[in-house]
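Trainee: Take a look at this one; I'll ask things after.
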Amino acid sequence: MTYEQFEKLLLNYRQFADNVYELSEIGFNLHNGRYPTVEPVEIMLSTCIESHYGEEGVHWVEWFILDSNWGDRDWSLYDSYNEKGEIINKKGEIRSGAHDANGEPICYSLESLYEYLERLKNGI
């Protein structure tokens, strides 16, 4: 998948999600009910990402969208923890939400997410 295709896929999904949110604000429920729309679109996105980047790629895209808020989350507002539950960064420290094994920030923008997924795919 080229970066242009990846960007188009994710930006269109973001527009869809924004539209669903706006419609929910005026009373339309596209998650449940007679015409559930959200789940099939989420499945299409996951299937497309998985076909190129595997299940781990799907997890990273979900993390980027949900936890990182499309790369817009200000991580300095939160403590960060290691696998043992110990604080490794205190609130107030400027930082990225995810790092590679060398401590370099990853998946902080669409472009960096794409680059990381490509490295995963190629075993780098």
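Scheme for the structure tokens: letters A, B, ... for chains in order shown; per-chain residue numbers from 1; ligand numbers from 1 in order shown.
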Would you list the contacts of Pro105 of chain A as number ranges by chain, taking every protein, DNA or RNA residue within 12 Å and counting only C-alpha atoms, but skipping same-chain residues closer than 4 positions in sequence?
Mentor: A: 71, 75, 94-101, 109, 112-113, 115-116
Trainee: Residues at most 10 Å from segment 11-21 of chain A, counting only C-alpha atoms, excluding those fewer than 5 positions away in the same chain, as a list in words?
Mentor: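 Close residues of segment 11-21 of chain A: Gln5, Phe6, Ile26, Gly27, Phe28, Asn29, Leu30, His31, Thr37, Val38, Val41, Glu42, Met44, Leu45, Ile65, Trp70 and Leu110 of chain A.
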Trainee: Leaving out Ile49 of chain A and any residue of its chain fewer than 6 positions from it, which residues lie within 10 Å of it when counting only C-alpha atoms, given as a list of chain:residue names?
Mentor: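 Close residues of Ile49 of chain A: A:Met1, A:Phe6, A:Leu9, A:Leu10, A:Ile43, A:Glu55, A:Glu56, A:Gly57, A:Val58, A:His59, A:Trp60, A:Val61, A:Leu117.
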Trainee: For the selection just defined, write its residues with C-alpha atoms to a file, as an mmCIF file, in the first residue's frame.
Mentor:
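The resulting out-v2.cif:
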data_model
loop_
_atom_site.group_PDB
_atom_site.id
_atom_site.type_symbol
_atom_site.label_atom_id
_atom_site.label_comp_id
_atom_site.auth_asym_id
_atom_site.auth_seq_id
_atom_site.Cartn_x
_atom_site.Cartn_y
_atom_site.Cartn_z
ATOM 1 C CA MET A 1 0.000 0.000 0.000
ATOM 2 C CA PHE A 6 -3.031 4.669 3.348
ATOM 3 C CA LEU A 9 -8.134 5.230 3.591
ATOM 4 C CA LEU A 10 -7.614 6.662 7.058
ATOM 5 C CA ILE A 43 -14.665 -4.296 9.699
ATOM 6 C CA GLU A 55 -3.163 -8.215 13.081
ATOM 7 C CA GLU A 56 -0.430 -6.172 14.784
ATOM 8 C CA GLY A 57 -0.954 -3.463 12.171
ATOM 9 C CA VAL A 58 -4.659 -3.371 13.005
ATOM 10 C CA HIS A 59 -3.810 -2.930 16.688
ATOM 11 C CA TRP A 60 -1.474 -0.022 15.913
ATOM 12 C CA VAL A 61 -4.063 1.703 13.722
ATOM 13 C CA LEU A 117 3.681 -0.304 9.773
#
Trainee: By how many Å are atom CA of Ser76 of chain A and atom CA of Glu62 of chain A apart?
Mentor: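 Atom CA of Glu62 of chain A lies 20.7 Å from atom CA of Ser76 of chain A.
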Trainee: Could you tell me which of A:Tyr53, A:Tyr35, A:Leu23, A:Asn102 comes closest to Tyr114 of chain A if we count only C-alpha atoms?
Mentor: A:Tyr53
Trainee: Please return, as a PyMOL selection string, all residues of segment 2-83 of chain A that DSSP assigns to helix (DSSP H, G or I) on the basis of the backbone.
Mentor: chain A and resi 3-25+38-67+75-77
Trainee: Suppose you want the space between atom CA of Lys121 of chain A and atom CA of His52 of chain A; what is it in Å?
Mentor: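 Separating atom CA of Lys121 of chain A from atom CA of His52 of chain A is a distance of 7.7 Å.
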